[in-house]
>>> print(open('final-v8.pdb').read())   # PDB, N, CA and C atoms
ATOM      1  N   MET Y   1     107.447 114.384  73.734
ATOM      2  CA  MET Y   1     108.419 114.592  72.666
ATOM      3  C   MET Y   1     108.532 113.362  71.760
ATOM      4  N   SER Y   2     108.254 112.187  72.298
ATOM      5  CA  SER Y   2     108.365 110.960  71.507
ATOM      6  C   SER Y   2     107.434 110.963  70.305
ATOM      7  N   TRP Y   3     106.250 111.529  70.471
ATOM      8  CA  TRP Y   3     105.316 111.594  69.347
ATOM      9  C   TRP Y   3     105.817 112.554  68.268
ATOM     10  N   VAL Y   4     106.486 113.607  68.673
ATOM     11  CA  VAL Y   4     107.083 114.530  67.696
ATOM     12  C   VAL Y   4     108.165 113.798  66.903
ATOM     13  N   TYR Y   5     108.998 113.035  67.612
ATOM     14  CA  TYR Y   5     110.028 112.244  66.928
ATOM     15  C   TYR Y   5     109.386 111.262  65.946
ATOM     16  N   LEU Y   6     108.307 110.645  66.376
ATOM     17  CA  LEU Y   6     107.653 109.648  65.538
ATOM     18  C   LEU Y   6     107.054 110.275  64.283
ATOM     19  N   VAL Y   7     106.406 111.396  64.417
ATOM     20  CA  VAL Y   7     105.856 112.082  63.238
ATOM     21  C   VAL Y   7     106.994 112.519  62.309
ATOM     22  N   ALA Y   8     108.068 113.042  62.875
ATOM     23  CA  ALA Y   8     109.220 113.451  62.060
ATOM     24  C   ALA Y   8     109.824 112.239  61.341
ATOM     25  N   ALA Y   9     109.882 111.097  62.013
ATOM     26  CA  ALA Y   9     110.389 109.875  61.380
ATOM     27  C   ALA Y   9     109.503 109.475  60.210
ATOM     28  N   GLY Y  10     108.199 109.595  60.374
ATOM     29  CA  GLY Y  10     107.271 109.290  59.294
ATOM     30  C   GLY Y  10     107.442 110.226  58.110
ATOM     31  N   ILE Y  11     107.672 111.498  58.398
ATOM     32  CA  ILE Y  11     107.897 112.472  57.323
ATOM     33  C   ILE Y  11     109.197 112.150  56.577
ATOM     34  N   CYS Y  12     110.230 111.768  57.320
ATOM     35  CA  CYS Y  12     111.482 111.350  56.667
ATOM     36  C   CYS Y  12     111.237 110.143  55.770
ATOM     37  N   GLU Y  13     110.361 109.249  56.203
ATOM     38  CA  GLU Y  13     110.054 108.071  55.395
ATOM     39  C   GLU Y  13     109.410 108.478  54.071
ATOM     40  N   ILE Y  14     108.547 109.466  54.110
ATOM     41  CA  ILE Y  14     107.916 109.965  52.886
ATOM     42  C   ILE Y  14     108.985 110.479  51.917
ATOM     43  N   PHE Y  15     109.925 111.263  52.452
ATOM     44  CA  PHE Y  15     110.977 111.824  51.595
ATOM     45  C   PHE Y  15     111.846 110.733  50.979
ATOM     46  N   TYR Y  16     112.223 109.723  51.770
ATOM     47  CA  TYR Y  16     113.089 108.712  51.164
ATOM     48  C   TYR Y  16     112.329 107.826  50.198
ATOM     49  N   ALA Y  17     111.063 107.564  50.473
ATOM     50  CA  ALA Y  17     110.280 106.753  49.537
ATOM     51  C   ALA Y  17     110.075 107.493  48.220
ATOM     52  N   ALA Y  18     109.823 108.787  48.310
ATOM     53  CA  ALA Y  18     109.636 109.585  47.088
ATOM     54  C   ALA Y  18     110.939 109.690  46.298
ATOM     55  N   ALA Y  19     112.062 109.726  46.989
ATOM     56  CA  ALA Y  19     113.358 109.861  46.322
ATOM     57  C   ALA Y  19     113.874 108.547  45.747
ATOM     58  N   MET Y  20     113.412 107.440  46.274
ATOM     59  CA  MET Y  20     113.980 106.145  45.888
ATOM     60  C   MET Y  20     113.959 105.879  44.377
ATOM     61  N   PRO Y  21     112.858 106.130  43.670
ATOM     62  CA  PRO Y  21     112.910 105.873  42.214
ATOM     63  C   PRO Y  21     113.945 106.730  41.491
ATOM     64  N   LYS Y  22     114.220 107.908  42.012
ATOM     65  CA  LYS Y  22     115.195 108.804  41.381
ATOM     66  C   LYS Y  22     116.636 108.305  41.544
ATOM     67  N   THR Y  23     116.850 107.357  42.459
ATOM     68  CA  THR Y  23     118.196 106.806  42.641
ATOM     69  C   THR Y  23     118.562 105.822  41.531
ATOM     70  N   VAL Y  24     117.548 105.343  40.800
ATOM     71  CA  VAL Y  24     117.732 104.343  39.746
ATOM     72  C   VAL Y  24     118.571 103.173  40.290
ATOM     73  N   GLY Y  25     118.030 102.552  41.323
ATOM     74  CA  GLY Y  25     118.745 101.418  41.926
ATOM     75  C   GLY Y  25     120.016 101.838  42.628
ATOM     76  N   PHE Y  26     120.025 103.041  43.178
ATOM     77  CA  PHE Y  26     121.179 103.609  43.878
ATOM     78  C   PHE Y  26     122.405 103.729  42.976
ATOM     79  N   THR Y  27     122.138 104.018  41.700
ATOM     80  CA  THR Y  27     123.238 104.245  40.758
ATOM     81  C   THR Y  27     123.470 105.732  40.508
ATOM     82  N   LYS Y  28     122.549 106.571  40.905
ATOM     83  CA  LYS Y  28     122.688 108.028  40.762
ATOM     84  C   LYS Y  28     123.165 108.585  42.100
ATOM     85  N   PRO Y  29     124.358 109.183  42.152
ATOM     86  CA  PRO Y  29     124.954 109.568  43.436
ATOM     87  C   PRO Y  29     124.126 110.537  44.285
ATOM     88  N   TRP Y  30     123.720 111.671  43.741
ATOM     89  CA  TRP Y  30     123.059 112.668  44.594
ATOM     90  C   TRP Y  30     121.680 112.241  45.059
ATOM     91  N   PRO Y  31     120.842 111.694  44.188
ATOM     92  CA  PRO Y  31     119.571 111.184  44.705
ATOM     93  C   PRO Y  31     119.775 110.070  45.740
ATOM     94  N   SER Y  32     120.826 109.278  45.562
ATOM     95  CA  SER Y  32     121.118 108.206  46.512
ATOM     96  C   SER Y  32     121.525 108.763  47.866
ATOM     97  N   VAL Y  33     122.363 109.789  47.864
ATOM     98  CA  VAL Y  33     122.779 110.428  49.115
ATOM     99  C   VAL Y  33     121.560 111.027  49.825
ATOM    100  N   PHE Y  34     120.699 111.711  49.066
ATOM    101  CA  PHE Y  34     119.477 112.291  49.616
ATOM    102  C   PHE Y  34     118.621 111.197  50.252
ATOM    103  N   CYS Y  35     118.386 110.128  49.504
ATOM    104  CA  CYS Y  35     117.553 109.022  49.971
ATOM    105  C   CYS Y  35     118.143 108.372  51.225
ATOM    106  N   ILE Y  36     119.406 108.048  51.193
ATOM    107  CA  ILE Y  36     120.061 107.389  52.326
ATOM    108  C   ILE Y  36     120.058 108.294  53.559
ATOM    109  N   SER Y  37     120.231 109.588  53.359
ATOM    110  CA  SER Y  37     120.197 110.525  54.488
ATOM    111  C   SER Y  37     118.847 110.482  55.185
ATOM    112  N   PHE Y  38     117.777 110.440  54.408
ATOM    113  CA  PHE Y  38     116.450 110.391  55.015
ATOM    114  C   PHE Y  38     116.146 109.022  55.618
ATOM    115  N   ILE Y  39     116.711 107.960  55.049
ATOM    116  CA  ILE Y  39     116.550 106.635  55.663
ATOM    117  C   ILE Y  39     117.204 106.643  57.047
ATOM    118  N   ILE Y  40     118.409 107.150  57.127
ATOM    119  CA  ILE Y  40     119.120 107.211  58.411
ATOM    120  C   ILE Y  40     118.360 108.090  59.400
ATOM    121  N   GLY Y  41     117.917 109.256  58.943
ATOM    122  CA  GLY Y  41     117.165 110.145  59.820
ATOM    123  C   GLY Y  41     115.887 109.511  60.313
ATOM    124  N   SER Y  42     115.195 108.820  59.431
ATOM    125  CA  SER Y  42     113.953 108.163  59.804
ATOM    126  C   SER Y  42     114.185 107.083  60.864
ATOM    127  N   MET Y  43     115.195 106.274  60.645
ATOM    128  CA  MET Y  43     115.500 105.210  61.613
ATOM    129  C   MET Y  43     115.911 105.786  62.969
ATOM    130  N   TYR Y  44     116.713 106.833  62.929
ATOM    131  CA  TYR Y  44     117.165 107.454  64.172
ATOM    132  C   TYR Y  44     115.984 108.030  64.947
ATOM    133  N   LEU Y  45     115.131 108.776  64.262
ATOM    134  CA  LEU Y  45     113.979 109.370  64.939
ATOM    135  C   LEU Y  45     113.010 108.298  65.430
ATOM    136  N   LEU Y  46     112.837 107.242  64.640
ATOM    137  CA  LEU Y  46     111.988 106.134  65.091
ATOM    138  C   LEU Y  46     112.556 105.518  66.362
ATOM    139  N   SER Y  47     113.857 105.349  66.406
ATOM    140  CA  SER Y  47     114.476 104.757  67.610
ATOM    141  C   SER Y  47     114.296 105.664  68.821
ATOM    142  N   LEU Y  48     114.368 106.974  68.615
ATOM    143  CA  LEU Y  48     114.134 107.899  69.731
ATOM    144  C   LEU Y  48     112.700 107.802  70.231
ATOM    145  N   SER Y  49     111.779 107.648  69.324
ATOM    146  CA  SER Y  49     110.367 107.582  69.730
ATOM    147  C   SER Y  49     110.073 106.344  70.555
ATOM    148  N   THR Y  50     110.826 105.268  70.317
ATOM    149  CA  THR Y  50     110.543 104.020  71.038
ATOM    150  C   THR Y  50     111.079 104.017  72.464
ATOM    151  N   ARG Y  51     111.671 105.126  72.881
ATOM    152  CA  ARG Y  51     112.075 105.223  74.286
ATOM    153  C   ARG Y  51     110.854 105.171  75.193
ATOM    154  N   THR Y  52     109.738 105.742  74.733
ATOM    155  CA  THR Y  52     108.533 105.750  75.581
ATOM    156  C   THR Y  52     107.292 105.229  74.881
ATOM    157  N   ILE Y  53     107.296 105.132  73.566
ATOM    158  CA  ILE Y  53     106.144 104.594  72.842
ATOM    159  C   ILE Y  53     106.415 103.116  72.580
ATOM    160  N   PRO Y  54     105.446 102.240  72.862
ATOM    161  CA  PRO Y  54     105.653 100.809  72.587
ATOM    162  C   PRO Y  54     106.029 100.583  71.118
ATOM    163  N   ILE Y  55     106.930  99.648  70.883
ATOM    164  CA  ILE Y  55     107.465  99.417  69.540
ATOM    165  C   ILE Y  55     106.364  99.090  68.536
ATOM    166  N   GLY Y  56     105.387  98.300  68.931
ATOM    167  CA  GLY Y  56     104.295  97.959  68.012
ATOM    168  C   GLY Y  56     103.520  99.183  67.581
ATOM    169  N   THR Y  57     103.236 100.046  68.517
ATOM    170  CA  THR Y  57     102.523 101.287  68.209
ATOM    171  C   THR Y  57     103.393 102.194  67.347
ATOM    172  N   ALA Y  58     104.635 102.384  67.751
ATOM    173  CA  ALA Y  58     105.533 103.275  67.013
ATOM    174  C   ALA Y  58     105.715 102.794  65.580
ATOM    175  N   TYR Y  59     105.929 101.517  65.401
ATOM    176  CA  TYR Y  59     106.158 100.993  64.058
ATOM    177  C   TYR Y  59     104.915 101.149  63.185
ATOM    178  N   ALA Y  60     103.756 100.818  63.741
ATOM    179  CA  ALA Y  60     102.513 100.928  62.971
ATOM    180  C   ALA Y  60     102.237 102.380  62.566
ATOM    181  N   VAL Y  61     102.447 103.302  63.480
ATOM    182  CA  VAL Y  61     102.219 104.719  63.173
ATOM    183  C   VAL Y  61     103.238 105.201  62.140
ATOM    184  N   TRP Y  62     104.488 104.824  62.309
ATOM    185  CA  TRP Y  62     105.549 105.212  61.377
ATOM    186  C   TRP Y  62     105.234 104.727  59.961
ATOM    187  N   VAL Y  63     104.878 103.467  59.840
ATOM    188  CA  VAL Y  63     104.535 102.902  58.531
ATOM    189  C   VAL Y  63     103.300 103.595  57.961
ATOM    190  N   GLY Y  64     102.307 103.847  58.814
ATOM    191  CA  GLY Y  64     101.088 104.497  58.352
ATOM    192  C   GLY Y  64     101.340 105.896  57.822
ATOM    193  N   ILE Y  65     102.119 106.673  58.565
ATOM    194  CA  ILE Y  65     102.454 108.028  58.101
ATOM    195  C   ILE Y  65     103.203 107.953  56.773
ATOM    196  N   GLY Y  66     104.158 107.055  56.689
ATOM    197  CA  GLY Y  66     104.920 106.905  55.447
ATOM    198  C   GLY Y  66     104.050 106.458  54.287
ATOM    199  N   ALA Y  67     103.161 105.512  54.528
ATOM    200  CA  ALA Y  67     102.314 104.987  53.457
ATOM    201  C   ALA Y  67     101.335 106.042  52.949
ATOM    202  N   VAL Y  68     100.643 106.690  53.865
ATOM    203  CA  VAL Y  68      99.665 107.697  53.456
ATOM    204  C   VAL Y  68     100.365 108.910  52.847
ATOM    205  N   GLY Y  69     101.464 109.342  53.438
ATOM    206  CA  GLY Y  69     102.194 110.484  52.900
ATOM    207  C   GLY Y  69     102.765 110.219  51.528
ATOM    208  N   THR Y  70     103.302 109.027  51.331
ATOM    209  CA  THR Y  70     103.862 108.679  50.027
ATOM    210  C   THR Y  70     102.744 108.540  48.997
ATOM    211  N   ALA Y  71     101.619 107.992  49.403
ATOM    212  CA  ALA Y  71     100.476 107.890  48.496
ATOM    213  C   ALA Y  71      99.976 109.281  48.114
ATOM    214  N   ALA Y  72      99.920 110.192  49.078
ATOM    215  CA  ALA Y  72      99.504 111.569  48.788
ATOM    216  C   ALA Y  72     100.466 112.215  47.797
ATOM    217  N   TYR Y  73     101.752 111.991  47.989
ATOM    218  CA  TYR Y  73     102.757 112.500  47.041
ATOM    219  C   TYR Y  73     102.487 111.935  45.644
ATOM    220  N   GLY Y  74     102.220 110.643  45.578
ATOM    221  CA  GLY Y  74     101.948 110.013  44.291
ATOM    222  C   GLY Y  74     100.727 110.602  43.604
ATOM    223  N   ILE Y  75      99.692 110.865  44.396
ATOM    224  CA  ILE Y  75      98.472 111.445  43.828
ATOM    225  C   ILE Y  75      98.712 112.880  43.377
ATOM    226  N   LEU Y  76      99.323 113.676  44.251
ATOM    227  CA  LEU Y  76      99.474 115.105  43.980
ATOM    228  C   LEU Y  76     100.580 115.427  42.966
ATOM    229  N   ALA Y  77     101.677 114.714  43.025
ATOM    230  CA  ALA Y  77     102.830 115.058  42.189
ATOM    231  C   ALA Y  77     103.014 114.147  40.980
ATOM    232  N   LEU Y  78     102.535 112.922  41.083
ATOM    233  CA  LEU Y  78     102.803 111.966  40.007
ATOM    234  C   LEU Y  78     101.555 111.554  39.228
ATOM    235  N   GLY Y  79     100.404 112.108  39.616
ATOM    236  CA  GLY Y  79      99.175 111.812  38.886
ATOM    237  C   GLY Y  79      98.616 110.418  39.107
ATOM    238  N   GLU Y  80      98.948 109.797  40.232
ATOM    239  CA  GLU Y  80      98.400 108.474  40.521
ATOM    240  C   GLU Y  80      96.903 108.573  40.828
ATOM    241  N   SER Y  81      96.227 107.467  40.764
ATOM    242  CA  SER Y  81      94.780 107.416  40.956
ATOM    243  C   SER Y  81      94.363 107.937  42.328
ATOM    244  N   ALA Y  82      93.287 108.724  42.327
ATOM    245  CA  ALA Y  82      92.683 109.217  43.571
ATOM    246  C   ALA Y  82      91.246 108.722  43.643
ATOM    247  N   SER Y  83      91.043 107.463  43.308
ATOM    248  CA  SER Y  83      89.684 106.913  43.325
ATOM    249  C   SER Y  83      89.126 106.948  44.745
ATOM    250  N   ILE Y  84      87.826 106.982  44.828
ATOM    251  CA  ILE Y  84      87.174 107.076  46.134
ATOM    252  C   ILE Y  84      87.534 105.874  47.017
ATOM    253  N   LEU Y  85      87.576 104.691  46.457
ATOM    254  CA  LEU Y  85      87.916 103.513  47.275
ATOM    255  C   LEU Y  85      89.344 103.578  47.791
ATOM    256  N   ARG Y  86      90.233 104.079  46.968
ATOM    257  CA  ARG Y  86      91.630 104.240  47.399
ATOM    258  C   ARG Y  86      91.722 105.247  48.539
ATOM    259  N   LEU Y  87      91.011 106.361  48.411
ATOM    260  CA  LEU Y  87      91.015 107.379  49.456
ATOM    261  C   LEU Y  87      90.372 106.866  50.740
ATOM    262  N   VAL Y  88      89.329 106.058  50.614
ATOM    263  CA  VAL Y  88      88.703 105.461  51.803
ATOM    264  C   VAL Y  88      89.710 104.559  52.522
ATOM    265  N   CYS Y  89      90.459 103.784  51.774
ATOM    266  CA  CYS Y  89      91.466 102.911  52.388
ATOM    267  C   CYS Y  89      92.540 103.729  53.108
ATOM    268  N   PHE Y  90      92.973 104.829  52.500
ATOM    269  CA  PHE Y  90      93.945 105.697  53.172
ATOM    270  C   PHE Y  90      93.327 106.303  54.428
ATOM    271  N   GLY Y  91      92.053 106.636  54.356
ATOM    272  CA  GLY Y  91      91.347 107.148  55.536
ATOM    273  C   GLY Y  91      91.322 106.131  56.660
ATOM    274  N   LEU Y  92      91.186 104.866  56.322
ATOM    275  CA  LEU Y  92      91.218 103.813  57.340
ATOM    276  C   LEU Y  92      92.594 103.727  58.003
ATOM    277  N   ILE Y  93      93.638 103.906  57.218
ATOM    278  CA  ILE Y  93      94.988 103.911  57.793
ATOM    279  C   ILE Y  93      95.126 105.081  58.768
ATOM    280  N   ILE Y  94      94.651 106.252  58.354
ATOM    281  CA  ILE Y  94      94.716 107.426  59.226
ATOM    282  C   ILE Y  94      93.903 107.189  60.495
ATOM    283  N   ALA Y  95      92.736 106.573  60.372
ATOM    284  CA  ALA Y  95      91.921 106.256  61.550
ATOM    285  C   ALA Y  95      92.683 105.323  62.490
ATOM    286  N   GLY Y  96      93.405 104.389  61.934
ATOM    287  CA  GLY Y  96      94.217 103.490  62.755
ATOM    288  C   GLY Y  96      95.322 104.219  63.487
ATOM    289  N   ILE Y  97      95.970 105.161  62.812
ATOM    290  CA  ILE Y  97      97.029 105.958  63.445
ATOM    291  C   ILE Y  97      96.449 106.761  64.599
ATOM    292  N   VAL Y  98      95.318 107.432  64.350
ATOM    293  CA  VAL Y  98      94.677 108.230  65.405
ATOM    294  C   VAL Y  98      94.262 107.328  66.554
ATOM    295  N   GLY Y  99      93.698 106.166  66.240
ATOM    296  CA  GLY Y  99      93.295 105.224  67.285
ATOM    297  C   GLY Y  99      94.465 104.772  68.136
ATOM    298  N   LEU Y 100      95.583 104.482  67.511
ATOM    299  CA  LEU Y 100      96.767 104.073  68.277
ATOM    300  C   LEU Y 100      97.257 105.198  69.179
ATOM    301  N   LYS Y 101      97.213 106.422  68.678
ATOM    302  CA  LYS Y 101      97.629 107.570  69.508
ATOM    303  C   LYS Y 101      96.700 107.693  70.729
ATOM    304  N   ILE Y 102      95.417 107.576  70.493
ATOM    305  CA  ILE Y 102      94.438 107.710  71.586
ATOM    306  C   ILE Y 102      94.581 106.576  72.602
ATOM    307  N   LEU Y 103      94.840 105.384  72.123
ATOM    308  CA  LEU Y 103      94.894 104.223  73.007
ATOM    309  C   LEU Y 103      96.238 103.975  73.667
ATOM    310  N   THR Y 104      97.270 104.716  73.266
ATOM    311  CA  THR Y 104      98.576 104.565  73.875
ATOM    312  C   THR Y 104      98.558 105.256  75.235
ATOM    313  N   PRO Y 105      99.042 104.594  76.280
ATOM    314  CA  PRO Y 105      99.015 105.193  77.622
ATOM    315  C   PRO Y 105      99.614 106.596  77.637
ATOM    316  N   SER Y 106      99.035 107.463  78.452
ATOM    317  CA  SER Y 106      99.457 108.867  78.492
ATOM    318  C   SER Y 106     100.895 109.055  78.965
ATOM    319  N   SER Y 107     101.470 108.065  79.615
ATOM    320  CA  SER Y 107     102.875 108.177  80.052
ATOM    321  C   SER Y 107     103.818 108.139  78.867
ATOM    322  N   ALA Y 108     103.303 107.698  77.717
ATOM    323  CA  ALA Y 108     104.135 107.654  76.506
ATOM    324  C   ALA Y 108     104.083 108.987  75.898
TER     325      ALA Y 108
END
>>> encode(input="final-v8.pdb", output="structure tokens")
Amino acid sequence: MSWVYLVAAGICEIFYAAAMPKTVGFTKPWPSVFCISFIIGSMYLLSLSTRTIPIGTAYAVWVGIGAVGTAAYGILALGESASILRLVCFGLIIAGIVGLKILTPSSA
């Protein structure tokens, strides 16, 4: 279940990162509430995942999911660059996430 919490925490990170520019420095109330809600949810789920997943692994996977997911949002929704080198770098992050999952002891 810890891995489910960790993936959910990463997804929450994507939502709050995507919402952050819409807060305009947390001056817009509703986007700010949305963003803060996902920040809280992300932190809570991350903390649940660390009950059995080592903190270094959990943090790296959480950041990786958030980074790649937010980058995908930027490419798909905001028209950011999808150059081959950029995609290769995101692929390396994903490879690192998969590697950490594989190398984390099965008791986690």
>>> residues_around(input="final-v8.pdb", residues="Phe34 in chain Y", least_positions_apart="3", cutoff="7 Å", atoms="all atoms listed in the file", output="VMD selection string")
chain Y and resid 15 to 16 19 29 to 31 37 to 39
>>> residues_around(input="final-v8.pdb", residues="range 44-57 of chain Y", least_positions_apart="6", cutoff="6.5 Å", atoms="all atoms listed in the file", output="list in words")
Met1, Ser2, Trp3, Tyr5, Leu6, Ala8, Ala9, Leu100, Ser107 and Ala108 of chain Y
>>> atom_distance(input="final-v8.pdb", atom1="CA of Lys101 in chain Y", atom2="atom C of Val61 in chain Y")
9.6 Å
>>> atom_distance(input="final-v8.pdb", atom1="atom C of Ile65 in chain Y", atom2="atom C of Glu80 in chain Y")
17.2 Å
>>> atom_distance(input="final-v8.pdb", atom1="CA of Val88 in chain Y", atom2="CA of Trp62 in chain Y")
19.4 Å
